[in-house]
Structure formats: C-alpha cells, structure tokens
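Engineer: The structure that follows is given in the form of structure tokens.
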Amino acid sequence: MEFWLAPLHGITNFHFRNCLNRHVKNLSVAVTPFLPVGATSQINVRRWVDVAPENNRSGEVIPQLIGNEPTHFVDTIRELQKLGYQRFNWNIGCPAAQVVRKQRGCGIMPHPERVEAVVRLVTQETDCCFSIKMRLGLKSPEEGLAILERLQPYPLDFVAVHPRLGVQQYEGKPDFSMFRRMYETTGQNLVYSGDIFDLSSYQYLVDHFPKVRQVMLGRGILRNPFLAEELTTGQMLSDGERTERFAAFYADYIQTMQAARGEHGTLSILKELWHYFAHFCQLSPEALQELLRITDFKEFNERAGKYIG
Ligand SMILES: Cc1cc2nc3c(=O)[nH]c(=O)nc-3n(C[C@H](O)[C@H](O)[C@H](O)COP(=O)(O)O)c2cc1C
C-alpha cells in the first residue's frame, strides 16, 4: 500500500509538507491544497509559492487545481508543466458554500457533462497525467456514479474518492456501500480518502477493498503524524518514541512557520492544528478550550509544550 498526504487547505502547505518529510517516513506523495485555474493572461504560476520547485524538493508533489472552465485547465497545466510538473489533480469535492455556488468543487458534481468537458479537453490538448478527487456527490451518490460512467473512456491517472456527500461536509461516516458500487463498476484506479485514523479503520479498508493500492491520509496525519509508519508496520510506536518524535516535529514546525508567517500567523494556524494535536497528546476538551483561549504566542507555546511532554 502507498500512503499519500491528502490536501488540507490552509494546513498542508509546503512548510507543513517539508516539515513532515523531515520527521516522518512512508508518505510517498502529497497532493497540494487547491489552486484556482485561469487563462494564461490571468495567472502567473511563478508566484504560486506552494508549487514553486525550490519549495518542493522533498517527496513527490501533485498540484491540485480547482475550476470548471476547460480552457483554463489547459492553460494552467501548460504553465505548471514549465515548472516541471507532469501530474495534476482536479478537486471536484470541495463542499464549501462559496465554492459550490460557483459550480466549482463539489458544485460541479451534479453536471457530469461539464466534468467530461474538462477531462476531454485536458486529455486532448495536453500530455499530462490528469486525475480527479471527488466525493460521492453533492446531494446524491448517483452523481458520482454518473461521472465515473462518463469518464470510463478516459484513462485517468487516478480517481480519489472521499465517500461522503458534499452536503454532509464531514458529518456521519464514510459510506462504504456506495464506495463499493464505484469500486465494482469503474475501471479507474481508485484512491481512497476518508477517516483512516488508526489500524482498525485501515484494516477494514484493506479487508474489504483489496484492489485499492493508494490511501490518502488527511486528518489522520494531523491526529497522529506517524500514522503512515504505524500502518506500514502494523504496530504503534512506543510511547517514548511518539513523544520524542512529536516534540521534534512540533518544534521544527513552529520554527519554520514563525520564520515564514510571524507570531500572529503562526498562532492562528497552531490553534487550528491543536484541534487535531489534542488527540495525539490526549488533551481533555476542557484543557483544549483553555489552550485555545490564550492569545499570547509565548504563553501559548509554554502551555502547549507542557502537553507535548
Ligand atoms: C481543513 C480541511 C481542508 C481540506 N482541503 C482540501 C483541499 O484543498 N482539497 C481537497 O481535495 N480536499 C480537501 N479536504 C478534504 C481532505 O483531503 C480529505 O479528502 C477529507 O478530509 C477526508 O479524509 P480524512 O478523513 O483523511 O481527512 C480538506 C479537508 C479538511 C478537513
């Protein structure tokens, strides 16, 4: 099995990815958070720091694109190919209201003909490896099935599926019965994404979907940065090793972010991350709330340092 880092907008930027690669093994590929496509005259990909080659020297990176205008995909891909990229992923799963409203992200899933139009033009006009990351649908799982049927003639790099509906956001559980219908009907290489948090959720996937060869880990990596290693060996790290390695990862990340974003920018992203790190450090909900109330960077770090051990 290959473990990939899932895109998490606002979190898994190049600073995070590079830091992770310095401390964690077995994450072979990272898909970037989404970048908006545009016509050649509208975009300047050399300003996109998240995909700048000098910022992405560790591990394979697949730029993720968002949009719905076929020619914009061709233009943007050609520009990014000049930076050396050959693989591109299209986000048709983002459920954010402002994205969906513009028929982008998951908002395009009820329109399989529009999805096909993008894929058709990209495969005709470019020589890149193109893939899609989607949900089951926006409102109905029939939407995703219709898209897969339409895309059958196009040899995609992969189709990553997060088996929830857009309207669910992150509520409920992944719908494995609908994922099975996709798994059994499509000829595309399915990459799985969703709620792989520990050995047992991973084992369920392996036992029930043995043809899946790549799994994206998103929130699971935030809850436990060493998850891919543990899933590979089938064993959890010892308590001592977990604490020591997490402390090293955390210190490196803070230092990197502080240099890049300053104290204020770092504090706001740390507050988002601690919702997940709280799980790793076994913080009670009350302790987490107390931590999140702190507004001073130094005080926050002192308190967080105590929880890390
Ligand atoms: C904060 C956050 C940001 C996300 N940003 C993106 C994104 O930019 N592109 C994308 O395709 N999916 C995005 N996702 C979805 C994840 O990549 C993933 O498919 C989903 O969280 C389920 O997997 P997980 O349970 O391993 O996190 C995001 C999810 C979260 C929670």
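Letters A, B, ... mark the chains of the structure tokens in the order given; residue numbers begin at 1 per chain; ligand numbers begin at 1, in order shown.
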Can you pull out the residues contacting His111 in chain A? Cut-off 12 Å, using only C-alpha atoms, and skip same-chain residues under 3 positions away; I want them as a ChimeraX atom specification.
Structural biologist: /A:68,92,103-108,114-118,137-139,142-147,150
Engineer: Any chance you could export the current selection's N, CA and C atoms as a PDB file, in the first residue's frame?
Structural biologist:
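Okay, again16.pdb is ready:
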ATOM      1  N   ASN A  68     -13.787  25.244 -13.409  1.00  0.00           N
ATOM      2  CA  ASN A  68     -14.741  24.495 -14.227  1.00  0.00           C
ATOM      3  C   ASN A  68     -14.661  24.821 -15.717  1.00  0.00           C
ATOM      4  N   ILE A  92     -12.981  18.118  -7.378  1.00  0.00           N
ATOM      5  CA  ILE A  92     -14.436  18.270  -7.578  1.00  0.00           C
ATOM      6  C   ILE A  92     -15.162  17.755  -6.317  1.00  0.00           C
ATOM      7  N   GLN A 103     -20.388  26.518  -8.967  1.00  0.00           N
ATOM      8  CA  GLN A 103     -20.250  25.237  -9.688  1.00  0.00           C
ATOM      9  C   GLN A 103     -18.786  24.820  -9.800  1.00  0.00           C
ATOM     10  N   ARG A 104     -18.062  25.046  -8.714  1.00  0.00           N
ATOM     11  CA  ARG A 104     -16.701  24.534  -8.607  1.00  0.00           C
ATOM     12  C   ARG A 104     -16.687  23.516  -7.472  1.00  0.00           C
ATOM     13  N   GLY A 105     -15.555  22.824  -7.317  1.00  0.00           N
ATOM     14  CA  GLY A 105     -15.509  21.801  -6.273  1.00  0.00           C
ATOM     15  C   GLY A 105     -16.674  20.853  -6.455  1.00  0.00           C
ATOM     16  N   CYS A 106     -17.303  20.506  -5.346  1.00  0.00           N
ATOM     17  CA  CYS A 106     -18.418  19.563  -5.367  1.00  0.00           C
ATOM     18  C   CYS A 106     -19.622  20.109  -6.150  1.00  0.00           C
ATOM     19  N   GLY A 107     -19.647  21.431  -6.341  1.00  0.00           N
ATOM     20  CA  GLY A 107     -20.758  22.072  -7.056  1.00  0.00           C
ATOM     21  C   GLY A 107     -20.862  21.642  -8.512  1.00  0.00           C
ATOM     22  N   ILE A 108     -19.806  21.027  -9.046  1.00  0.00           N
ATOM     23  CA  ILE A 108     -19.881  20.580 -10.446  1.00  0.00           C
ATOM     24  C   ILE A 108     -20.352  19.124 -10.533  1.00  0.00           C
ATOM     25  N   ARG A 114     -20.240  18.598 -17.713  1.00  0.00           N
ATOM     26  CA  ARG A 114     -19.216  19.639 -17.521  1.00  0.00           C
ATOM     27  C   ARG A 114     -17.907  19.021 -17.035  1.00  0.00           C
ATOM     28  N   VAL A 115     -18.038  17.973 -16.240  1.00  0.00           N
ATOM     29  CA  VAL A 115     -16.826  17.264 -15.780  1.00  0.00           C
ATOM     30  C   VAL A 115     -16.148  16.632 -16.995  1.00  0.00           C
ATOM     31  N   GLU A 116     -16.946  15.992 -17.834  1.00  0.00           N
ATOM     32  CA  GLU A 116     -16.368  15.341 -19.012  1.00  0.00           C
ATOM     33  C   GLU A 116     -15.710  16.369 -19.939  1.00  0.00           C
ATOM     34  N   ALA A 117     -16.320  17.551 -20.059  1.00  0.00           N
ATOM     35  CA  ALA A 117     -15.768  18.572 -20.966  1.00  0.00           C
ATOM     36  C   ALA A 117     -14.349  18.952 -20.548  1.00  0.00           C
ATOM     37  N   VAL A 118     -14.127  19.075 -19.251  1.00  0.00           N
ATOM     38  CA  VAL A 118     -12.781  19.423 -18.771  1.00  0.00           C
ATOM     39  C   VAL A 118     -11.822  18.261 -19.061  1.00  0.00           C
ATOM     40  N   GLY A 137     -20.954  12.624  -4.213  1.00  0.00           N
ATOM     41  CA  GLY A 137     -21.815  13.513  -4.997  1.00  0.00           C
ATOM     42  C   GLY A 137     -22.020  14.760  -4.158  1.00  0.00           C
ATOM     43  N   LEU A 138     -22.762  15.731  -4.703  1.00  0.00           N
ATOM     44  CA  LEU A 138     -23.100  16.891  -3.879  1.00  0.00           C
ATOM     45  C   LEU A 138     -24.288  16.534  -2.987  1.00  0.00           C
ATOM     46  N   LYS A 139     -25.384  16.056  -3.652  1.00  0.00           N
ATOM     47  CA  LYS A 139     -26.592  15.714  -2.879  1.00  0.00           C
ATOM     48  C   LYS A 139     -26.963  14.252  -2.993  1.00  0.00           C
ATOM     49  N   GLU A 142     -25.701   9.084  -6.765  1.00  0.00           N
ATOM     50  CA  GLU A 142     -25.855   8.782  -8.198  1.00  0.00           C
ATOM     51  C   GLU A 142     -24.978   9.725  -9.036  1.00  0.00           C
ATOM     52  N   GLU A 143     -24.706  10.918  -8.496  1.00  0.00           N
ATOM     53  CA  GLU A 143     -23.909  11.900  -9.254  1.00  0.00           C
ATOM     54  C   GLU A 143     -22.502  11.367  -9.510  1.00  0.00           C
ATOM     55  N   GLY A 144     -21.892  10.826  -8.486  1.00  0.00           N
ATOM     56  CA  GLY A 144     -20.524  10.301  -8.630  1.00  0.00           C
ATOM     57  C   GLY A 144     -20.489   9.106  -9.572  1.00  0.00           C
ATOM     58  N   LEU A 145     -21.510   8.249  -9.466  1.00  0.00           N
ATOM     59  CA  LEU A 145     -21.570   7.074 -10.349  1.00  0.00           C
ATOM     60  C   LEU A 145     -21.712   7.514 -11.804  1.00  0.00           C
ATOM     61  N   ALA A 146     -22.532   8.560 -12.033  1.00  0.00           N
ATOM     62  CA  ALA A 146     -22.721   9.064 -13.407  1.00  0.00           C
ATOM     63  C   ALA A 146     -21.407   9.633 -13.943  1.00  0.00           C
ATOM     64  N   ILE A 147     -20.665  10.313 -13.087  1.00  0.00           N
ATOM     65  CA  ILE A 147     -19.372  10.876 -13.529  1.00  0.00           C
ATOM     66  C   ILE A 147     -18.406   9.747 -13.904  1.00  0.00           C
ATOM     67  N   ARG A 150     -19.273   8.275 -17.258  1.00  0.00           N
ATOM     68  CA  ARG A 150     -18.882   9.156 -18.366  1.00  0.00           C
ATOM     69  C   ARG A 150     -17.377   9.165 -18.590  1.00  0.00           C
TER      70      ARG A 150
END
Engineer: Could you pull out the helix (DSSP H, G or I) residues of range 178-297 of chain A, going by DSSP on the backbone, and write them as JSON, numbers by chain?
Structural biologist: {"A": [178, 179, 180, 181, 182, 183, 184, 185, 199, 200, 201, 202, 203, 204, 205, 206, 207, 208, 219, 220, 221, 222, 223, 227, 228, 229, 230, 231, 232, 233, 239, 240, 241, 242, 243, 244, 245, 246, 247, 248, 249, 250, 251, 252, 253, 254, 255, 256, 257, 258, 259, 260, 261, 262, 263, 264, 265, 266, 267, 268, 269, 270, 271, 272, 273, 274, 275, 276, 277, 278, 279, 280, 285, 286, 287, 288, 289, 290, 291, 292, 293, 297]}
Engineer: Need the shell around Gln188 in chain A: protein/DNA/RNA residues with any atom at most 9 Å away, counting only C-alpha atoms. Skip same-chain ones fewer than 4 positions apart. Format as a PyMOL selection string?
Structural biologist: chain A and resi 148+151-152+154-159+183
Engineer: Just N, CA, C and O atoms for this one: save the residues we selected as a CSV table (one decimal), in the first residue's frame.
Structural biologist:
chain,number,residue,atom,x,y,z
A,148,LEU,N,-18.3,8.7,-13.0
A,148,LEU,CA,-17.4,7.6,-13.3
A,148,LEU,C,-17.8,6.9,-14.7
A,148,LEU,O,-16.9,6.5,-15.4
A,151,LEU,N,-16.6,9.0,-17.5
A,151,LEU,CA,-15.2,9.1,-17.6
A,151,LEU,C,-14.5,7.8,-18.0
A,151,LEU,O,-13.3,7.7,-18.2
A,152,GLN,N,-15.3,6.8,-18.1
A,152,GLN,CA,-14.8,5.4,-18.4
A,152,GLN,C,-13.8,5.4,-19.7
A,152,GLN,O,-12.8,4.8,-19.6
A,154,TYR,N,-11.8,7.7,-20.6
A,154,TYR,CA,-10.6,8.5,-20.5
A,154,TYR,C,-9.7,7.8,-19.4
A,154,TYR,O,-10.1,7.6,-18.3
A,155,PRO,N,-8.5,7.6,-19.9
A,155,PRO,CA,-7.5,6.9,-18.9
A,155,PRO,C,-7.0,7.9,-17.9
A,155,PRO,O,-6.0,8.6,-18.2
A,156,LEU,N,-7.6,8.0,-16.8
A,156,LEU,CA,-7.1,9.0,-15.8
A,156,LEU,C,-6.0,8.4,-15.0
A,156,LEU,O,-5.8,7.2,-14.9
A,157,ASP,N,-5.2,9.3,-14.4
A,157,ASP,CA,-4.1,8.8,-13.5
A,157,ASP,C,-4.7,8.0,-12.3
A,157,ASP,O,-4.2,7.0,-12.0
A,158,PHE,N,-5.7,8.6,-11.7
A,158,PHE,CA,-6.4,8.0,-10.6
A,158,PHE,C,-7.7,8.8,-10.3
A,158,PHE,O,-7.8,10.0,-10.8
A,159,VAL,N,-8.6,8.2,-9.6
A,159,VAL,CA,-9.8,8.9,-9.1
A,159,VAL,C,-9.8,8.7,-7.6
A,159,VAL,O,-9.9,7.6,-7.1
A,183,TYR,N,-16.3,1.0,-6.7
A,183,TYR,CA,-15.2,0.1,-6.7
A,183,TYR,C,-15.5,-1.1,-7.7
A,183,TYR,O,-14.6,-1.5,-8.4
Engineer: So which residues touch Cys128 in chain A within 8 Å, counting only C-alpha atoms, skipping near sequence neighbours fewer than 5 positions away, as a PDB file with all heavy atoms, in the first residue's frame?
Structural biologist:
ATOM      1  N   ILE A  77      -2.307  24.121 -16.762  1.00  0.00           N
ATOM      2  CA  ILE A  77      -1.452  22.928 -16.792  1.00  0.00           C
ATOM      3  C   ILE A  77      -0.206  23.195 -17.638  1.00  0.00           C
ATOM      4  O   ILE A  77       0.919  22.860 -17.240  1.00  0.00           O
ATOM      5  CB  ILE A  77      -2.256  21.711 -17.306  1.00  0.00           C
ATOM      6  CG1 ILE A  77      -3.207  21.248 -16.202  1.00  0.00           C
ATOM      7  CG2 ILE A  77      -1.332  20.576 -17.756  1.00  0.00           C
ATOM      8  CD1 ILE A  77      -4.223  20.206 -16.621  1.00  0.00           C
ATOM      9  N   GLN A  86       4.157  17.051 -14.007  1.00  0.00           N
ATOM     10  CA  GLN A  86       3.510  16.225 -15.043  1.00  0.00           C
ATOM     11  C   GLN A  86       2.167  15.660 -14.579  1.00  0.00           C
ATOM     12  O   GLN A  86       1.360  15.233 -15.390  1.00  0.00           O
ATOM     13  CB  GLN A  86       4.421  15.061 -15.454  1.00  0.00           C
ATOM     14  CG  GLN A  86       5.526  15.442 -16.442  1.00  0.00           C
ATOM     15  CD  GLN A  86       5.016  16.215 -17.664  1.00  0.00           C
ATOM     16  OE1 GLN A  86       3.906  16.013 -18.135  1.00  0.00           O
ATOM     17  NE2 GLN A  86       5.829  17.144 -18.168  1.00  0.00           N
ATOM     18  N   ARG A  87       1.977  15.609 -13.272  1.00  0.00           N
ATOM     19  CA  ARG A  87       0.722  15.055 -12.732  1.00  0.00           C
ATOM     20  C   ARG A  87      -0.095  16.189 -12.126  1.00  0.00           C
ATOM     21  O   ARG A  87       0.451  17.043 -11.407  1.00  0.00           O
ATOM     22  CB  ARG A  87       1.020  14.008 -11.642  1.00  0.00           C
ATOM     23  CG  ARG A  87       1.807  12.827 -12.133  1.00  0.00           C
ATOM     24  CD  ARG A  87       2.160  11.897 -10.979  1.00  0.00           C
ATOM     25  NE  ARG A  87       1.099  10.933 -10.699  1.00  0.00           N
ATOM     26  CZ  ARG A  87       1.185   9.998  -9.753  1.00  0.00           C
ATOM     27  NH1 ARG A  87       2.260   9.932  -8.966  1.00  0.00           N
ATOM     28  NH2 ARG A  87       0.205   9.142  -9.558  1.00  0.00           N
ATOM     29  N   PHE A  88      -1.398  16.172 -12.394  1.00  0.00           N
ATOM     30  CA  PHE A  88      -2.294  17.219 -11.889  1.00  0.00           C
ATOM     31  C   PHE A  88      -3.585  16.591 -11.409  1.00  0.00           C
ATOM     32  O   PHE A  88      -4.077  15.625 -12.016  1.00  0.00           O
ATOM     33  CB  PHE A  88      -2.595  18.237 -13.003  1.00  0.00           C
ATOM     34  CG  PHE A  88      -1.351  18.892 -13.523  1.00  0.00           C
ATOM     35  CD1 PHE A  88      -0.691  18.355 -14.630  1.00  0.00           C
ATOM     36  CD2 PHE A  88      -0.806  19.995 -12.887  1.00  0.00           C
ATOM     37  CE1 PHE A  88       0.487  18.915 -15.091  1.00  0.00           C
ATOM     38  CE2 PHE A  88       0.376  20.560 -13.341  1.00  0.00           C
ATOM     39  CZ  PHE A  88       1.023  20.023 -14.448  1.00  0.00           C
ATOM     40  N   THR A 123      -7.245  15.940 -21.812  1.00  0.00           N
ATOM     41  CA  THR A 123      -6.593  14.757 -22.381  1.00  0.00           C
ATOM     42  C   THR A 123      -6.288  14.960 -23.881  1.00  0.00           C
ATOM     43  O   THR A 123      -5.294  14.436 -24.377  1.00  0.00           O
ATOM     44  CB  THR A 123      -7.412  13.465 -22.158  1.00  0.00           C
ATOM     45  OG1 THR A 123      -8.779  13.727 -22.476  1.00  0.00           O
ATOM     46  CG2 THR A 123      -7.363  12.992 -20.745  1.00  0.00           C
TER      47      THR A 123
END
Engineer: A:Val215, A:Leu65, A:Ala228, A:Leu273: which is nearest Val161 in chain A, counting only C-alpha atoms?
Structural biologist: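 Of A:Val215, A:Leu65, A:Ala228, A:Leu273, the one nearest Val161 in chain A, counting only C-alpha atoms, is A:Val215.
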Engineer: Just want the 12 Å neighbourhood of Ser201 in chain A, counted on only C-alpha atoms, with same-chain residues fewer than 4 positions away dropped. Output as a count of residues only.
Structural biologist: 17
Engineer: Distance limit 7 Å, reference ligand 1, atoms considered: only C-alpha atoms and all ligand atoms. Which residues make the cut? Give them as a PyMOL selection string.
Structural biologist: chain A and resi 6-11+32-34+91+93-94+133+162+193-196+216-220
Engineer: With a distance cut-off of 12 Å and only C-alpha atoms, select the neighbouring residues of Arg293 in chain A, excluding the residue or stretch itself and same-chain residues fewer than 4 positions from it, and output the selection as a list of chain:residue names.
Structural biologist: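 After dropping sequence-adjacent residues, the list is A:Leu267, A:Ser268, A:Lys271, A:Trp274, A:Glu286, A:Ala287, A:Leu288, A:Gln289, A:Phe297, A:Glu299, A:Phe300, A:Arg303.
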Engineer: Do a neighbour search on Met257 in chain A at 12 Å with only C-alpha atoms, toss out local chain neighbours closer than 5 positions, and write the hits as a list in words.
Structural biologist: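 What passes the distance filter is Ile11, Asn13, Phe14, His15, Phe16, Arg17, Asn18, Cys19, Tyr250, Ala251, Asp252, Gly262, Glu263, His264, Gly265, Thr266, Leu267, Ser268, Ile269 and Leu270 of chain A.
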Engineer: How many Å lie between CA of Arg101 in chain A and CA of Asp50 in chain A, rounded to one decimal?
Structural biologist: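 Here the two named atoms are 25.6 Å from each other.
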Engineer: Report, in Å to a single decimal, how far apart CA of Val99 in chain A and CA of Leu35 in chain A are.
Structural biologist: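 Interatomic distance here is 12.3 Å.
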Engineer: Return as a PyMOL selection string the full set of residues in range 8-246 of chain A whose backbone-based DSSP assignment is strand (DSSP E).
Structural biologist: chain A and resi 29-36+60-66+87-92+129-137+159-165+190-193+214-217
Engineer: Would you please work out which residue, of A:Ser177, A:Thr76, A:Gln214, A:Asn224, is nearest to Trp48 in chain A when using only C-alpha atoms?
Structural biologist: A:Thr76
Engineer: So, counting only C-alpha atoms, which residue among A:Met109, A:Val51, A:Val100, A:Leu27 is closest to Leu83 in chain A?
Structural biologist: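 Answer, going by the shortest atom-to-atom distance: A:Val51.
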Engineer: Point out the residue among A:Ile254, A:His72, A:Met1, A:Glu171 with the least atom-to-atom distance to Asn26 in chain A, counting only C-alpha atoms.
Structural biologist: A:Met1
Engineer: Considering only C-alpha atoms, can you say which of A:Arg78, A:Lys306, A:Arg223, A:Arg261 comes closest to Phe280 in chain A?
Structural biologist: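 Once distances to Phe280 in chain A are computed over only C-alpha atoms, the minimum belongs to A:Arg223.
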Engineer: Measuring between only C-alpha atoms, which one of A:Ser284, A:Gln42, A:Gln124, A:Asn21 shows the shortest distance to Arg57 in chain A?
Structural biologist: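 Closest to Arg57 in chain A of all the choices is A:Asn21.
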